[in-house]
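Participant: Below is one structure. I have some questions about it.
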Amino acid sequence: MNMHYSTDLKKKLCEDICLHHASTIKTAKNYNIPLKTLEKWITSYNKDNHCFDPKVQFVNDFKLINNLSSDPIYDDLSIDELKKTLMKKDIEIARLKKGYLVKEGGMGEKVFITFSKKNTK
């Protein structure tokens, strides 16, 4: 019998096991999931801990996060949260125009990733 499990459940169980040291065997029994299936999820999670995150889709150069509802992800945000999100997007656009991205590096430090050999900052 082939069961379909949500990515949210897969991520939660893998985090419980990999980060919080829950028992793989007990988790499989508690959730009635075949042990081999759970082990495959753990292997995938250990290779890429974002493998169960929502999929990102680009439409007309806009990044959309696929969620189960058809409502935009901004509907539940307050005005202040919308302003903060818009400001972050403006900063991201300005950085992309200059040819670099800022990502979190090790230990939470900022890392600049340049797209060209010429630094245009």
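In the structure tokens, chains take letters A, B, ... by order of appearance, with residues numbered from 1 within each chain and ligands from 1 in the order shown.
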Extract, using only C-alpha atoms, all DNA, RNA and protein residues at most 12 Å from Leu13 of chain A, discarding same-chain residues fewer than 5 positions from it, and format them as a list of chain:residue names.

Facilitator: A:Tyr5, A:Ser6, A:Thr7, A:Asp8, A:Cys18, A:Leu19, A:His20, A:His21, A:Ala22, A:Ser23, A:Thr24, A:Ile25, A:Lys26, A:Thr27, A:Ala28, A:Asn30, A:Tyr31, A:Ile33, A:Thr37, A:Leu38, A:Glu39, A:Lys40, A:Trp41, A:Ile42, A:Tyr45, A:Phe52

Participant: Generate the output file for the selected residues, N, CA and C atoms, as a PDB file, in the first residue's frame.

Facilitator:
```pdb
ATOM      1  N   TYR A   5       2.368  11.068   2.205  1.00  0.00           N
ATOM      2  CA  TYR A   5       2.567  11.824   3.439  1.00  0.00           C
ATOM      3  C   TYR A   5       2.897  13.266   3.068  1.00  0.00           C
ATOM      4  N   SER A   6       2.411  14.206   3.841  1.00  0.00           N
ATOM      5  CA  SER A   6       2.669  15.618   3.552  1.00  0.00           C
ATOM      6  C   SER A   6       4.142  15.945   3.789  1.00  0.00           C
ATOM      7  N   THR A   7       4.615  16.943   3.063  1.00  0.00           N
ATOM      8  CA  THR A   7       6.005  17.371   3.248  1.00  0.00           C
ATOM      9  C   THR A   7       6.200  17.988   4.629  1.00  0.00           C
ATOM     10  N   ASP A   8       5.142  18.585   5.171  1.00  0.00           N
ATOM     11  CA  ASP A   8       5.242  19.150   6.527  1.00  0.00           C
ATOM     12  C   ASP A   8       5.504  18.050   7.553  1.00  0.00           C
ATOM     13  N   CYS A  18      16.643  14.021  13.570  1.00  0.00           N
ATOM     14  CA  CYS A  18      18.004  14.508  13.296  1.00  0.00           C
ATOM     15  C   CYS A  18      18.459  15.608  14.257  1.00  0.00           C
ATOM     16  N   LEU A  19      17.544  16.472  14.646  1.00  0.00           N
ATOM     17  CA  LEU A  19      17.938  17.605  15.489  1.00  0.00           C
ATOM     18  C   LEU A  19      17.648  17.387  16.974  1.00  0.00           C
ATOM     19  N   HIS A  20      16.563  16.667  17.258  1.00  0.00           N
ATOM     20  CA  HIS A  20      16.155  16.496  18.648  1.00  0.00           C
ATOM     21  C   HIS A  20      16.384  15.070  19.153  1.00  0.00           C
ATOM     22  N   HIS A  21      17.035  14.257  18.326  1.00  0.00           N
ATOM     23  CA  HIS A  21      17.471  12.909  18.698  1.00  0.00           C
ATOM     24  C   HIS A  21      16.341  11.978  19.115  1.00  0.00           C
ATOM     25  N   ALA A  22      15.180  12.129  18.470  1.00  0.00           N
ATOM     26  CA  ALA A  22      14.080  11.193  18.725  1.00  0.00           C
ATOM     27  C   ALA A  22      14.442   9.836  18.123  1.00  0.00           C
ATOM     28  N   SER A  23      13.872   8.794  18.653  1.00  0.00           N
ATOM     29  CA  SER A  23      14.131   7.441  18.171  1.00  0.00           C
ATOM     30  C   SER A  23      13.459   7.227  16.818  1.00  0.00           C
ATOM     31  N   THR A  24      14.228   6.737  15.851  1.00  0.00           N
ATOM     32  CA  THR A  24      13.681   6.463  14.523  1.00  0.00           C
ATOM     33  C   THR A  24      12.635   5.358  14.591  1.00  0.00           C
ATOM     34  N   ILE A  25      12.932   4.300  15.305  1.00  0.00           N
ATOM     35  CA  ILE A  25      12.013   3.161  15.401  1.00  0.00           C
ATOM     36  C   ILE A  25      10.717   3.566  16.105  1.00  0.00           C
ATOM     37  N   LYS A  26      10.825   4.283  17.220  1.00  0.00           N
ATOM     38  CA  LYS A  26       9.626   4.711  17.952  1.00  0.00           C
ATOM     39  C   LYS A  26       8.800   5.686  17.118  1.00  0.00           C
ATOM     40  N   THR A  27       9.467   6.585  16.408  1.00  0.00           N
ATOM     41  CA  THR A  27       8.755   7.543  15.563  1.00  0.00           C
ATOM     42  C   THR A  27       7.989   6.818  14.465  1.00  0.00           C
ATOM     43  N   ALA A  28       8.642   5.846  13.828  1.00  0.00           N
ATOM     44  CA  ALA A  28       7.973   5.066  12.777  1.00  0.00           C
ATOM     45  C   ALA A  28       6.741   4.356  13.333  1.00  0.00           C
ATOM     46  N   ASN A  30       4.994   5.152  16.141  1.00  0.00           N
ATOM     47  CA  ASN A  30       4.001   6.128  16.600  1.00  0.00           C
ATOM     48  C   ASN A  30       3.172   6.708  15.457  1.00  0.00           C
ATOM     49  N   TYR A  31       3.803   6.900  14.297  1.00  0.00           N
ATOM     50  CA  TYR A  31       3.113   7.506  13.157  1.00  0.00           C
ATOM     51  C   TYR A  31       2.665   6.464  12.126  1.00  0.00           C
ATOM     52  N   ILE A  33       4.372   4.549  10.128  1.00  0.00           N
ATOM     53  CA  ILE A  33       5.111   4.738   8.880  1.00  0.00           C
ATOM     54  C   ILE A  33       6.141   3.624   8.788  1.00  0.00           C
ATOM     55  N   THR A  37      10.748   3.655   4.874  1.00  0.00           N
ATOM     56  CA  THR A  37      10.279   4.932   4.322  1.00  0.00           C
ATOM     57  C   THR A  37      10.847   6.090   5.126  1.00  0.00           C
ATOM     58  N   LEU A  38      10.750   5.987   6.442  1.00  0.00           N
ATOM     59  CA  LEU A  38      11.278   7.030   7.315  1.00  0.00           C
ATOM     60  C   LEU A  38      12.789   7.178   7.141  1.00  0.00           C
ATOM     61  N   GLU A  39      13.489   6.069   6.984  1.00  0.00           N
ATOM     62  CA  GLU A  39      14.939   6.126   6.773  1.00  0.00           C
ATOM     63  C   GLU A  39      15.287   6.817   5.459  1.00  0.00           C
ATOM     64  N   LYS A  40      14.470   6.618   4.423  1.00  0.00           N
ATOM     65  CA  LYS A  40      14.701   7.310   3.144  1.00  0.00           C
ATOM     66  C   LYS A  40      14.527   8.814   3.312  1.00  0.00           C
ATOM     67  N   TRP A  41      13.493   9.206   4.074  1.00  0.00           N
ATOM     68  CA  TRP A  41      13.283  10.633   4.323  1.00  0.00           C
ATOM     69  C   TRP A  41      14.464  11.229   5.071  1.00  0.00           C
ATOM     70  N   ILE A  42      14.974  10.501   6.063  1.00  0.00           N
ATOM     71  CA  ILE A  42      16.106  10.982   6.855  1.00  0.00           C
ATOM     72  C   ILE A  42      17.346  11.137   5.984  1.00  0.00           C
ATOM     73  N   TYR A  45      16.866  14.212   3.977  1.00  0.00           N
ATOM     74  CA  TYR A  45      16.997  15.378   4.851  1.00  0.00           C
ATOM     75  C   TYR A  45      18.464  15.637   5.197  1.00  0.00           C
ATOM     76  N   PHE A  52      12.274  19.244   2.094  1.00  0.00           N
ATOM     77  CA  PHE A  52      10.837  19.190   2.352  1.00  0.00           C
ATOM     78  C   PHE A  52      10.219  20.575   2.518  1.00  0.00           C
TER      79      PHE A  52
END
```

Participant: In terms of the shortest atom-to-atom distance over only C-alpha atoms, which of A:Ile93, A:Cys14, A:Leu82, A:Met87 is closest to Asn49 of chain A?

Facilitator: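 Closest to Asn49 of chain A of all the choices is A:Cys14.
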
Participant: With distances taken over only C-alpha atoms, which residue among A:Met3, A:Ile91, A:Lys97, A:His50 lies nearest Asn32 of chain A?

Facilitator: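 Checking each candidate against Asn32 of chain A, we get A:Met3 as the closest.
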
Participant: A:Lys88, A:Leu77, A:Pro54, A:Arg95: which is nearest Lys11 of chain A, counting only C-alpha atoms?

Facilitator: A:Pro54

Participant: Please indicate the distance in Å from atom CA of Pro34 of chain A to atom CA of His4 of chain A, rounded to one decimal place.

Facilitator: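 Taking atom CA of Pro34 of chain A as the start and atom CA of His4 of chain A as the end point, the length is 12.1 Å.
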
Participant: From the options A:Lys98, A:Lys84, A:Lys10, A:Lys29, which residue's atoms come nearest to Thr43 of chain A, counting only C-alpha atoms?

Facilitator: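 Of the candidates, the smallest distance to Thr43 of chain A is held by A:Lys10.
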
Participant: To one decimal in Å, tell me the separation between atom CA of Leu9 of chain A and atom CA of Asp53 of chain A.

Facilitator: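 Separation between atom CA of Leu9 of chain A and atom CA of Asp53 of chain A: 10.8 Å.
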